[in-house]
>>> print(open('data.txt').read())   # compact mmCIF, C-alpha atoms
# COMPACT_ATOMS: atom_id res chain seq x y z
CA MET A 222 1.23 -12.65 -25.90
CA SER A 223 0.34 -13.40 -22.33
CA TYR A 224 -1.08 -16.67 -21.06
CA VAL A 225 -4.84 -16.70 -21.64
CA SER A 226 -6.69 -17.26 -18.37
CA ARG A 227 -9.18 -20.05 -19.08
CA GLY A 228 -12.71 -18.71 -18.83
CA PHE A 229 -11.76 -15.15 -18.02
CA ARG A 230 -13.78 -12.57 -19.89
CA GLY A 231 -13.35 -9.54 -17.67
CA ARG A 232 -16.07 -7.19 -16.58
CA ARG A 233 -14.82 -4.11 -18.46
CA ARG A 234 -17.42 -2.42 -16.33
CA GLU A 235 -15.80 0.94 -16.20
CA GLU A 236 -14.32 1.23 -19.63
CA GLY A 237 -14.05 4.93 -20.00
CA PRO A 238 -12.28 6.85 -22.73
CA SER A 239 -9.39 4.53 -23.51
CA ASP A 240 -7.04 7.39 -24.35
CA ARG A 241 -7.28 8.44 -20.67
CA ILE A 242 -6.68 5.07 -18.98
CA PRO A 243 -3.07 3.85 -19.03
CA PRO A 244 -2.28 0.14 -19.53
CA GLY A 245 -3.06 -2.11 -16.56
CA GLN A 246 -5.24 0.48 -14.83
CA TYR A 247 -8.95 0.37 -13.95
CA LEU A 248 -11.32 3.19 -13.11
CA VAL A 249 -12.63 3.97 -9.65
CA ASP A 250 -15.19 6.47 -8.45
CA ASP A 251 -14.04 6.70 -4.84
CA PHE A 252 -10.60 7.82 -3.72
CA PRO A 253 -8.59 4.97 -2.21
CA VAL A 254 -5.92 5.80 0.37
CA LEU A 255 -2.43 4.38 0.31
CA SER A 256 0.33 5.22 2.73
CA ALA A 257 2.97 3.32 4.63
CA GLY A 258 2.36 4.64 8.13
CA PRO A 259 0.09 6.66 10.37
CA THR A 260 -1.37 9.89 9.02
CA PRO A 261 0.70 12.87 10.30
CA ARG A 262 -1.23 15.86 11.60
CA THR A 263 0.95 18.97 11.70
CA PRO A 264 -0.80 22.09 13.12
CA LEU A 265 -0.91 24.87 10.53
CA ASP A 266 0.98 27.28 12.82
CA GLN A 267 3.91 24.83 12.76
CA TRP A 268 3.68 24.12 9.05
CA ASP A 269 6.00 25.62 6.48
CA PHE A 270 7.06 24.87 2.93
CA SER A 271 10.65 25.26 1.81
CA ILE A 272 12.85 24.99 -1.23
CA THR A 273 16.30 23.85 -0.11
CA GLY A 274 19.40 22.05 -1.33
CA ALA A 275 21.32 23.17 -4.42
CA VAL A 276 19.80 26.64 -4.60
CA ALA A 277 21.40 30.08 -4.43
CA GLU A 278 18.90 31.30 -1.83
CA PRO A 279 16.65 28.84 0.03
CA LYS A 280 12.95 29.76 0.20
CA ARG A 281 10.47 29.33 3.00
CA TRP A 282 6.75 30.06 3.31
CA THR A 283 4.58 29.84 6.42
CA TRP A 284 1.04 28.52 5.91
CA ASP A 285 -0.37 32.05 5.70
CA GLU A 286 2.34 33.15 3.27
CA PHE A 287 1.80 30.03 1.16
CA ARG A 288 -1.98 30.55 1.06
CA ALA A 289 -1.47 34.18 0.03
CA LEU A 290 0.25 33.04 -3.19
CA PRO A 291 -1.81 32.97 -6.37
CA SER A 292 -3.57 29.62 -6.68
CA GLU A 293 -5.58 27.91 -9.35
CA THR A 294 -8.14 25.17 -9.89
CA ILE A 295 -6.66 22.12 -11.60
CA THR A 296 -8.68 19.29 -13.17
CA LYS A 297 -6.59 16.19 -13.87
CA ASP A 298 -6.74 12.41 -14.23
CA ILE A 299 -4.69 10.56 -11.60
CA HIS A 300 -3.17 7.09 -11.76
CA CYS A 301 -2.03 5.01 -8.76
CA VAL A 302 0.56 2.25 -9.17
CA THR A 303 -1.84 -0.05 -7.27
CA LYS A 304 -3.87 -0.04 -10.53
CA TRP A 305 -6.68 2.45 -9.92
CA SER A 306 -7.20 5.55 -12.01
CA LYS A 307 -9.59 8.37 -11.27
CA LEU A 308 -10.62 10.78 -13.99
CA GLY A 309 -11.29 14.49 -13.73
CA THR A 310 -10.20 15.06 -10.14
CA GLU A 311 -10.48 18.70 -9.13
CA TRP A 312 -7.80 20.34 -7.00
CA GLU A 313 -6.94 23.77 -5.68
CA GLY A 314 -3.24 24.54 -5.49
CA VAL A 315 -0.22 26.72 -6.08
CA SER A 316 1.72 26.04 -9.25
CA VAL A 317 5.31 24.97 -8.65
CA ASP A 318 6.22 27.61 -11.25
CA THR A 319 4.95 30.25 -8.81
CA LEU A 320 7.17 28.88 -6.04
CA PHE A 321 10.19 28.86 -8.38
CA GLU A 322 9.78 32.44 -9.63
CA ASP A 323 12.87 33.73 -7.76
CA VAL A 324 14.75 30.45 -7.49
CA GLU A 325 18.12 30.18 -9.16
CA THR A 326 19.50 26.69 -9.50
CA SER A 327 21.48 24.47 -11.81
CA ALA A 328 20.08 21.35 -10.15
CA GLU A 329 18.37 18.83 -12.40
CA TYR A 330 16.59 16.72 -9.79
CA VAL A 331 14.23 17.26 -6.89
CA THR A 332 13.44 15.29 -3.78
CA GLN A 333 9.98 16.01 -2.38
CA PHE A 334 10.02 15.60 1.40
CA SER A 335 7.13 15.18 3.79
CA ASP A 336 6.00 14.97 7.38
CA GLY A 337 6.44 11.37 8.47
CA GLY A 338 9.72 11.02 6.57
CA TYR A 339 8.37 10.16 3.11
CA THR A 340 10.45 11.19 0.10
CA THR A 341 10.09 10.82 -3.64
CA ASN A 342 12.36 11.97 -6.46
CA VAL A 343 11.55 13.56 -9.82
CA PRO A 344 13.54 15.36 -12.50
CA LEU A 345 13.13 19.11 -11.96
CA GLU A 346 11.75 19.57 -15.48
CA ASP A 347 8.87 17.27 -14.54
CA ILE A 348 7.48 19.72 -12.00
CA LEU A 349 7.98 22.97 -13.97
CA ASP A 350 6.10 24.56 -16.89
CA GLY A 351 2.59 23.88 -15.62
CA LYS A 352 3.15 20.22 -14.80
CA ALA A 353 2.94 20.24 -10.97
CA TRP A 354 1.26 21.96 -8.04
CA VAL A 355 1.28 22.06 -4.26
CA ALA A 356 -2.40 21.30 -3.65
CA PHE A 357 -4.32 22.31 -0.53
CA GLY A 358 -7.90 21.73 -1.70
CA TYR A 359 -9.77 18.81 -3.20
CA GLY A 360 -13.31 18.83 -4.60
CA GLY A 361 -13.93 22.31 -3.24
CA GLU A 362 -12.92 21.38 0.35
CA PRO A 363 -9.69 21.67 2.30
CA LEU A 364 -7.52 18.62 1.55
CA ASP A 365 -8.31 15.80 3.99
CA PRO A 366 -5.32 14.62 6.12
CA GLU A 367 -5.61 11.03 4.87
CA HIS A 368 -5.28 12.32 1.30
CA GLY A 369 -2.22 14.37 2.23
CA GLY A 370 -3.57 17.54 3.82
CA PRO A 371 -2.85 20.23 4.68
CA ALA A 372 -0.88 20.18 1.42
CA ARG A 373 0.41 17.59 -1.01
CA MET A 374 2.23 17.56 -4.30
CA LEU A 375 0.21 17.03 -7.47
CA VAL A 376 2.30 15.66 -10.33
CA PRO A 377 -0.50 14.02 -12.30
CA HIS A 378 1.47 12.83 -15.32
CA LEU A 379 3.40 10.35 -13.14
CA TYR A 380 2.07 7.51 -10.93
CA PHE A 381 0.57 9.05 -7.84
CA TRP A 382 3.30 7.97 -5.40
CA LYS A 383 5.33 10.67 -7.18
CA SER A 384 2.90 13.21 -5.66
CA ALA A 385 4.04 13.31 -2.02
CA LYS A 386 1.36 13.65 0.64
CA TRP A 387 1.95 15.96 3.63
CA VAL A 388 4.67 17.65 1.60
CA ARG A 389 6.87 20.14 3.43
CA GLY A 390 9.32 21.08 0.74
CA LEU A 391 11.47 20.42 -2.28
CA ARG A 392 15.17 19.63 -2.03
CA LEU A 393 17.07 20.51 -5.20
CA MET A 394 19.70 17.95 -6.11
CA ASP A 395 22.55 17.90 -8.62
CA ASP A 396 22.34 14.11 -8.66
CA ASP A 397 19.27 11.94 -8.72
CA GLU A 398 18.57 10.14 -5.45
CA PRO A 399 15.87 7.44 -5.23
CA GLY A 400 13.18 8.17 -2.64
CA PHE A 401 11.18 5.92 -0.32
CA TRP A 402 9.34 3.62 -2.72
CA GLU A 403 12.01 4.00 -5.42
CA THR A 404 14.50 2.40 -3.01
CA LEU A 405 12.04 -0.43 -2.32
CA GLY A 406 11.75 -1.63 -5.89
CA TYR A 407 9.40 0.87 -7.49
CA HIS A 408 10.37 2.52 -10.77
CA ASN A 409 12.61 5.55 -10.58
CA TYR A 410 10.56 7.64 -13.01
CA GLY A 411 7.04 6.15 -12.94
CA ASP A 412 5.36 7.02 -16.24
CA PRO A 413 1.92 5.34 -16.21
CA TRP A 414 1.68 5.40 -20.02
CA ARG A 415 4.82 3.28 -20.26
CA GLU A 416 3.63 1.22 -17.28
CA GLN A 417 6.80 1.94 -15.31
CA ARG A 418 5.66 0.39 -12.03
CA TYR A 419 8.76 -1.46 -10.81
CA TRP A 420 12.48 -1.74 -11.40
CA GLY A 421 13.15 -3.06 -14.88
CA ASP A 422 9.77 -1.97 -16.33
CA MET B 85 16.53 -16.31 2.67
CA ALA B 86 18.01 -12.87 3.08
CA ARG B 87 20.08 -13.36 -0.04
CA ALA B 88 17.08 -14.50 -2.03
CA ALA B 89 15.15 -11.48 -0.86
CA ILE B 90 17.92 -9.13 -1.94
CA LEU B 91 18.22 -10.81 -5.32
CA GLY B 92 14.48 -10.53 -5.67
CA ARG B 93 14.70 -6.82 -5.13
CA LEU B 94 17.57 -6.15 -7.48
CA ALA B 95 16.16 -8.19 -10.32
CA PRO B 96 13.47 -6.77 -12.61
CA VAL B 97 10.03 -7.84 -11.44
CA ARG B 98 9.12 -10.15 -14.31
CA TRP B 99 5.79 -11.81 -15.09
CA GLN B 100 5.86 -15.54 -14.51
CA LEU B 101 3.41 -18.44 -14.72
CA GLY B 102 2.58 -20.56 -11.71
CA ASP B 103 0.69 -23.86 -11.52
CA VAL B 104 -2.33 -23.86 -9.25
CA VAL B 105 -1.69 -26.90 -7.05
CA GLU B 106 -4.20 -26.46 -4.25
CA LEU B 107 -7.30 -24.44 -3.41
CA VAL B 108 -8.48 -24.09 0.18
CA GLU B 109 -11.85 -22.63 1.09
CA GLU B 110 -11.04 -20.60 4.18
CA THR B 111 -14.52 -19.09 4.58
CA PRO B 112 -17.46 -18.93 2.14
CA ARG B 113 -16.00 -15.71 0.73
CA VAL B 114 -12.29 -16.37 1.04
CA LYS B 115 -10.05 -18.81 -0.78
CA THR B 116 -6.36 -19.63 -0.58
CA ILE B 117 -4.58 -20.41 -3.85
CA ALA B 118 -1.32 -22.36 -3.58
CA LEU B 119 1.06 -22.16 -6.53
CA ASP B 120 4.17 -23.86 -7.80
CA LEU B 121 6.39 -21.12 -9.20
CA PRO B 122 9.57 -22.48 -10.79
CA ASP B 123 11.20 -19.06 -11.16
CA TRP B 124 10.34 -17.57 -7.77
CA LEU B 125 13.29 -15.82 -6.11
CA GLY B 126 11.83 -15.64 -2.61
CA HIS B 127 10.03 -12.97 -0.63
CA ARG B 128 9.82 -11.36 2.76
CA ALA B 129 6.81 -11.90 4.98
CA GLY B 130 4.32 -9.10 4.34
CA GLN B 131 5.03 -8.51 0.66
CA HIS B 132 2.49 -8.86 -2.14
CA VAL B 133 2.25 -9.91 -5.78
CA ASP B 134 0.49 -8.52 -8.83
CA VAL B 135 -1.83 -10.99 -10.53
CA ARG B 136 -2.73 -10.55 -14.21
CA LEU B 137 -5.65 -12.17 -16.00
CA THR B 138 -5.89 -12.19 -19.79
CA ALA B 139 -9.05 -12.82 -21.82
CA GLU B 140 -8.96 -14.53 -25.20
CA ASP B 141 -9.22 -11.21 -27.03
CA GLY B 142 -6.21 -9.87 -25.16
CA TYR B 143 -8.09 -7.79 -22.59
CA GLN B 144 -6.21 -7.79 -19.29
CA ALA B 145 -6.91 -6.95 -15.66
CA GLN B 146 -4.36 -6.68 -12.85
CA ARG B 147 -4.75 -6.58 -9.07
CA SER B 148 -2.45 -6.89 -6.06
CA TYR B 149 -2.74 -9.65 -3.46
CA SER B 150 -0.79 -10.19 -0.26
CA ILE B 151 1.31 -13.31 0.03
CA ALA B 152 -0.04 -15.60 2.76
CA SER B 153 2.75 -18.19 2.84
CA ALA B 154 6.03 -17.88 4.67
CA PRO B 155 9.26 -17.39 2.73
CA GLU B 156 10.26 -20.84 4.00
CA ASN B 157 7.26 -22.63 2.46
CA ASP B 158 7.75 -24.62 -0.77
CA ARG B 159 4.69 -23.12 -2.39
CA LEU B 160 3.60 -19.56 -2.73
CA ALA B 161 0.08 -18.97 -1.43
CA ILE B 162 -2.20 -15.99 -1.81
CA THR B 163 -5.52 -15.62 -0.01
CA VAL B 164 -8.27 -13.83 -1.89
CA GLU B 165 -11.55 -12.42 -0.65
CA ARG B 166 -14.29 -12.41 -3.27
CA LEU B 167 -15.67 -8.93 -3.80
CA ASP B 168 -19.14 -9.04 -5.31
CA ASP B 169 -18.52 -6.16 -7.69
CA GLY B 170 -14.92 -7.15 -8.31
CA GLU B 171 -13.41 -8.13 -11.62
CA VAL B 172 -10.46 -10.31 -10.66
CA SER B 173 -11.38 -11.73 -7.25
CA PRO B 174 -14.59 -13.53 -8.41
CA TYR B 175 -12.52 -15.30 -11.09
CA LEU B 176 -9.84 -16.31 -8.58
CA ALA B 177 -12.35 -17.41 -5.97
CA GLU B 178 -14.83 -19.24 -8.25
CA GLU B 179 -13.44 -20.03 -11.72
CA LEU B 180 -9.89 -21.07 -11.02
CA VAL B 181 -9.32 -24.81 -10.52
CA VAL B 182 -6.31 -26.97 -9.66
CA GLY B 183 -4.30 -27.50 -12.85
CA ASP B 184 -4.91 -23.99 -14.16
CA LYS B 185 -2.04 -21.58 -14.49
CA LEU B 186 -1.92 -18.13 -13.00
CA GLU B 187 0.25 -15.24 -14.18
CA LEU B 188 1.84 -13.05 -11.55
CA ARG B 189 4.90 -11.04 -10.65
CA GLY B 190 6.59 -10.07 -7.43
CA PRO B 191 7.49 -9.84 -4.66
CA ILE B 192 6.44 -6.21 -4.39
CA GLY B 193 6.69 -3.81 -1.46
CA GLY B 194 9.57 -4.01 0.99
CA TYR B 195 8.33 -1.73 3.76
CA PHE B 196 5.37 -3.64 5.16
CA ALA B 197 7.61 -6.65 5.82
CA TRP B 198 9.00 -8.43 8.86
CA ASP B 199 11.98 -10.74 9.23
CA ALA B 200 12.52 -12.75 12.40
CA ASP B 201 15.88 -11.00 12.69
CA ASP B 202 14.07 -7.65 12.94
CA GLY B 203 13.03 -8.65 16.47
CA GLY B 204 10.05 -7.31 18.34
CA PRO B 205 7.89 -7.43 20.29
CA LEU B 206 5.58 -7.75 17.34
CA LEU B 207 2.03 -6.41 17.41
CA LEU B 208 -0.12 -7.38 14.44
CA VAL B 209 -3.53 -5.80 13.97
CA GLY B 210 -5.66 -7.06 11.10
CA GLY B 211 -9.15 -6.25 9.88
CA GLY B 212 -10.95 -8.83 7.71
CA SER B 213 -8.71 -10.17 4.95
CA GLY B 214 -6.08 -7.70 6.17
CA VAL B 215 -4.89 -10.64 8.25
CA VAL B 216 -3.28 -12.24 5.17
CA PRO B 217 0.16 -10.54 5.18
CA LEU B 218 0.18 -10.81 9.00
CA MET B 219 -0.32 -14.56 8.63
CA SER B 220 2.75 -14.70 6.43
CA MET B 221 4.68 -13.05 9.28
CA LEU B 222 3.33 -15.54 11.85
CA ARG B 223 4.14 -18.49 9.59
CA HIS B 224 7.62 -17.10 9.06
CA ARG B 225 8.01 -16.62 12.81
CA ALA B 226 6.99 -20.24 13.39
CA ALA B 227 9.20 -21.60 10.59
CA ARG B 228 12.18 -19.79 12.06
CA ARG B 229 11.25 -20.93 15.60
CA SER B 230 11.53 -17.30 16.58
CA GLN B 231 11.01 -16.53 20.25
CA VAL B 232 10.02 -12.93 19.54
CA SER B 233 6.91 -12.09 21.59
CA ALA B 234 3.96 -11.53 19.28
CA ARG B 235 0.29 -10.66 19.53
CA LEU B 236 -2.32 -10.75 16.81
CA LEU B 237 -5.45 -8.68 17.27
CA TYR B 238 -7.84 -9.80 14.55
CA SER B 239 -11.08 -7.95 13.87
CA ALA B 240 -13.70 -9.98 12.00
CA ARG B 241 -17.44 -9.68 11.56
CA SER B 242 -18.14 -13.11 13.09
CA LEU B 243 -16.29 -16.26 14.06
CA ASP B 244 -17.29 -17.79 10.71
CA ASP B 245 -15.50 -14.95 8.93
CA VAL B 246 -12.20 -15.66 10.69
CA ILE B 247 -9.60 -16.85 8.17
CA TYR B 248 -6.94 -19.41 9.26
CA ARG B 249 -8.74 -20.05 12.55
CA GLN B 250 -7.53 -23.60 13.15
CA GLU B 251 -3.98 -22.79 12.19
CA LEU B 252 -3.96 -19.73 14.43
CA GLU B 253 -5.09 -21.94 17.32
CA ARG B 254 -2.21 -24.28 16.63
CA LEU B 255 0.30 -21.44 16.34
CA ALA B 256 -0.73 -19.74 19.59
CA THR B 257 1.81 -20.35 22.35
CA ASP B 258 3.10 -18.61 25.44
CA ASN B 259 4.90 -16.24 23.11
CA LEU B 260 2.11 -15.72 20.61
CA GLU B 261 -1.26 -14.51 21.78
CA VAL B 262 -4.17 -14.46 19.32
CA LEU B 263 -7.07 -12.18 20.22
CA TYR B 264 -10.28 -11.74 18.26
CA THR B 265 -12.80 -8.98 18.23
CA LEU B 266 -16.07 -9.96 16.57
CA THR B 267 -17.80 -6.81 15.47
CA ARG B 268 -21.20 -8.03 14.21
CA ALA B 269 -22.08 -11.42 15.63
CA GLN B 270 -20.69 -13.37 18.56
CA PRO B 271 -21.31 -17.04 19.39
CA PRO B 272 -23.14 -17.85 22.67
CA GLY B 273 -20.86 -17.47 25.67
CA TRP B 274 -18.31 -15.34 23.76
CA THR B 275 -15.98 -13.68 26.25
CA GLY B 276 -13.66 -11.96 23.78
CA TYR B 277 -13.91 -8.45 22.39
CA ALA B 278 -17.10 -7.60 20.51
CA ARG B 279 -16.58 -4.11 19.15
CA ARG B 280 -14.49 -2.18 16.66
CA VAL B 281 -10.86 -1.76 17.66
CA ASP B 282 -10.52 1.36 19.80
CA LYS B 283 -7.91 3.02 21.95
CA ASP B 284 -8.97 1.18 25.13
CA MET B 285 -8.59 -2.15 23.37
CA LEU B 286 -5.18 -1.20 22.00
CA GLU B 287 -4.13 -0.08 25.49
CA GLU B 288 -4.88 -3.60 26.72
CA VAL B 289 -3.30 -5.41 23.79
CA ALA B 290 -0.22 -3.26 23.13
CA PHE B 291 3.15 -4.30 24.49
CA GLY B 292 4.66 -2.19 27.27
CA GLY B 293 8.17 -0.80 27.40
CA ASP B 294 9.17 0.66 24.06
CA HIS B 295 6.23 -1.20 22.45
CA GLY B 296 8.35 -2.73 19.68
CA ILE B 297 6.92 -2.70 16.19
CA ALA B 298 3.34 -2.78 14.90
CA PHE B 299 1.90 -3.85 11.55
CA VAL B 300 -1.66 -2.82 10.71
CA CYS B 301 -3.56 -4.07 7.66
CA GLY B 302 -7.17 -3.77 6.65
CA PRO B 303 -9.67 -1.42 5.06
CA THR B 304 -8.74 2.26 5.05
CA ARG B 305 -11.08 3.31 7.89
CA PHE B 306 -9.85 0.46 10.06
CA VAL B 307 -6.18 1.24 9.45
CA GLU B 308 -6.65 4.97 10.06
CA ALA B 309 -8.39 4.29 13.39
CA VAL B 310 -5.88 1.68 14.56
CA ALA B 311 -2.81 3.69 13.52
CA ASP B 312 -4.14 6.80 15.29
CA GLY B 313 -4.95 4.65 18.34
CA LEU B 314 -1.44 3.20 18.46
CA LEU B 315 0.07 6.70 18.39
CA ALA B 316 -2.26 7.66 21.26
CA VAL B 317 -1.07 4.62 23.20
CA GLY B 318 2.53 5.76 22.73
CA TYR B 319 3.85 3.95 19.66
CA ALA B 320 6.38 5.94 17.64
CA PRO B 321 5.03 6.76 14.14
CA GLU B 322 7.99 5.14 12.42
CA ARG B 323 7.29 1.87 14.29
CA VAL B 324 3.74 1.62 12.98
CA LYS B 325 3.65 0.17 9.48
CA THR B 326 0.42 0.16 7.58
CA GLU B 327 -1.10 -1.41 4.51
CA ARG B 328 -4.54 -0.24 3.42
CA PHE B 329 -6.93 -1.64 0.91
CA GLY B 330 -10.18 -0.15 -0.27
CA PRO B 331 -13.41 -1.74 -1.48
CA THR B 332 -12.15 -1.14 -5.01
CA GLY B 333 -9.35 -3.68 -4.54
CA GLY B 334 -11.18 -5.84 -7.10
>>> encode(input="data.txt", output="structure tokens")
Amino acid sequence: MSYVSRGFRGRRREEGPSDRIPPGQYLVDDFPVLSAGPTPRTPLDQWDFSITGAVAEPKRWTWDEFRALPSETITKDIHCVTKWSKLGTEWEGVSVDTLFEDVETSAEYVTQFSDGGYTTNVPLEDILDGKAWVAFGYGGEPLDPEHGGPARMLVPHLYFWKSAKWVRGLRLMDDDEPGFWETLGYHNYGDPWREQRYWGD
Amino acid sequence: MARAAILGRLAPVRWQLGDVVELVEETPRVKTIALDLPDWLGHRAGQHVDVRLTAEDGYQAQRSYSIASAPENDRLAITVERLDDGEVSPYLAEELVVGDKLELRGPIGGYFAWDADDGGPLLLVGGGSGVVPLMSMLRHRAARRSQVSARLLYSARSLDDVIYRQELERLATDNLEVLYTLTRAQPPGWTGYARRVDKDMLEEVAFGGDHGIAFVCGPTRFVEAVADGLLAVGYAPERVKTERFGPTGG
């Protein structure tokens, strides 16, 4: 049992469906921004998305090729390690399964890499089988640069730092390699339902 | 210090109880809470902590707050702005009294952090209570008697909203320039900046040469504008470190 904070009752103002709000999180209606540096702005004619690393044949899509892939509308709850959760966010994106259709690999891990140098690592199985997308639209509009546009990862079952903004590709890895925040003390896996925020959680 | 910081990072980030030993009203909306933390392993200037409040029925709420004190200080201090629709900040700013305990864990975040050994020149740009982690850096700089050239550009609504004003006056030296921009109200005879931070202002305030390193903290809109402005002035993206907070910071 934690120390009881004398006189604290809590506002519980936004208690939504409790089976959708992980421990330690609170609901927001707006969409807070969190990033460690300036917002990169890569022109679409210089943008590409690649699958590299431990793969028989690397893949690369230009923006036009990427946008020609089948895409879908995804409605998901998202959870940021800074404690906010947002329910029912609506995205437009390409399933990672679509990108992996012709990819042969024995790798078990993936590093997402982004403009601006950001990286984050996930087990490969966590982005396959309908669990992850490369999103280019939000709320019916093109994805805003400060939220990761032109395209960002969407891995909604993990804390949102595991969904890289400004993503430019996936590097397949035989061995797990901690990414940017994972190296700086954040949890290597980041399951919000087990409240895996930091090392040791 | 460095060793403590490394130990702090390798160890699990455990919840611990601190004793509230002093409360300082910085402005009508902003309070500093100083804590004795027996198990604290040290921090780097710029890092934050998670604070957790627990109600009698077990309900909990957590929020993050920047550390205001220097790593060299005996006590850990956080500075909290009361948000009217917040859940945690009104409790911290109004209910908490000296003698209470407060549960927290940290330090958290190792990127938005500056050590005197990192060098400079050091440009700090803060909006509102975004000055808090920058103050930790300036206190650390002073405690280490660092000669690194530093400038603080601090955007506040009015002079009365400026946090740490007297201490900033004391800290200012030949090597540390403190500049204010007052965006809503200025006292009679004010000769400083009186507008939102823009590219022209950053051009005047930024260091020349290779510019050194910049830390920007404040509300999202503020940080976006300042970070874009610093790139326009010639700062390299990897030398501009940002920390944003939204109105939902609680």
>>> atom_distance(input="data.txt", atom1="CA of Asn342 in chain A", atom2="CA of Arg418 in chain A")
14.5 Å
>>> interface_residues(input="data.txt", of="chain A", to="chain B", cutoff="10 Å", atoms="all atoms listed in the file", output="JSON, numbers by chain")
{"A": [222, 223, 224, 225, 226, 227, 228, 229, 230, 231, 232, 233, 234, 244, 245, 246, 247, 248, 249, 250, 251, 252, 253, 254, 255, 256, 257, 258, 259, 260, 261, 303, 304, 305, 337, 338, 367, 401, 402, 404, 405, 406, 407, 408, 418, 419, 420, 421, 422]}
>>> closest_residue(input="data.txt", among="B:Glu251, B:Ala197, B:Ala316, B:Leu260", to="Asp282 in chain B", atoms="all atoms listed in the file")
B:Ala316
>>> atom_distance(input="data.txt", atom1="CA of Val209 in chain B", atom2="CA of Pro112 in chain B")
22.5 Å
>>> atom_distance(input="data.txt", atom1="CA of Lys280 in chain A", atom2="CA of Asp412 in chain A")
29.1 Å
>>> residues_near_point(input="data.txt", point="(6.5, -26.3, -3.0)", cutoff="10 Å", atoms="all atoms listed in the file", output="short mmCIF file (atom, residue, chain, number, x, y, z; two decimals) with C-alpha atoms, in the coordinates of the input")
data_model
loop_
_atom_site.label_atom_id
_atom_site.label_comp_id
_atom_site.auth_asym_id
_atom_site.auth_seq_id
_atom_site.Cartn_x
_atom_site.Cartn_y
_atom_site.Cartn_z
CA VAL B 105 -1.69 -26.90 -7.05
CA ALA B 118 -1.32 -22.36 -3.58
CA LEU B 119 1.06 -22.16 -6.53
CA ASP B 120 4.17 -23.86 -7.80
CA LEU B 121 6.39 -21.12 -9.20
CA PRO B 122 9.57 -22.48 -10.79
CA GLU B 156 10.26 -20.84 4.00
CA ASN B 157 7.26 -22.63 2.46
CA ASP B 158 7.75 -24.62 -0.77
CA ARG B 159 4.69 -23.12 -2.39
CA LEU B 160 3.60 -19.56 -2.73
CA ALA B 161 0.08 -18.97 -1.43
#
>>> residues_around(input="data.txt", residues="Gly183 in chain B", least_positions_apart="6", cutoff="9 Å", atoms="only C-alpha atoms", output="CSV table (one decimal) with C-alpha atoms, keeping the file's coordinate frame")
chain,number,residue,atom,x,y,z
B,103,ASP,CA,0.7,-23.9,-11.5
B,104,VAL,CA,-2.3,-23.9,-9.2
B,105,VAL,CA,-1.7,-26.9,-7.0
B,106,GLU,CA,-4.2,-26.5,-4.2
>>> closest_residue(input="data.txt", among="A:Ile295, A:Met394, A:Ile348, A:Ile242", to="Thr310 in chain A", atoms="all atoms listed in the file")
A:Ile295
>>> closest_residue(input="data.txt", among="B:Asn259, B:Thr275, B:Gln131, B:Gln231", to="Trp198 in chain B", atoms="only C-alpha atoms")
B:Gln131
>>> closest_residue(input="data.txt", among="B:Val215, B:Pro205, B:Gly276, B:Tyr149", to="Gly292 in chain B", atoms="only C-alpha atoms")
B:Pro205
>>> decode(input="data.txt", residues="range 126-148 of chain B", atoms="C-alpha atoms", output="tab-separated table (two decimals), in the first residue's frame")
chain	number	residue	atom	x	y	z
B	126	GLY	CA	21.42	12.27	-7.37
B	127	HIS	CA	20.32	13.78	-10.65
B	128	ARG	CA	21.49	15.81	-13.59
B	129	ALA	CA	20.29	19.36	-14.09
B	130	GLY	CA	17.24	19.28	-16.37
B	131	GLN	CA	15.79	15.94	-15.28
B	132	HIS	CA	12.34	15.44	-13.76
B	133	VAL	CA	10.52	13.28	-11.24
B	134	ASP	CA	7.17	11.52	-11.17
B	135	VAL	CA	4.98	12.48	-8.23
B	136	ARG	CA	2.25	10.12	-7.03
B	137	LEU	CA	-0.69	11.04	-4.81
B	138	THR	CA	-2.83	8.38	-3.14
B	139	ALA	CA	-6.32	8.91	-1.73
B	140	GLU	CA	-7.57	6.99	1.29
B	141	ASP	CA	-9.53	4.57	-0.90
B	142	GLY	CA	-6.41	3.77	-2.90
B	143	TYR	CA	-7.14	5.97	-5.90
B	144	GLN	CA	-3.90	7.34	-7.33
B	145	ALA	CA	-2.81	10.11	-9.67
B	146	GLN	CA	0.67	10.63	-11.12
B	147	ARG	CA	2.27	13.61	-12.86
B	148	SER	CA	5.79	14.64	-13.88
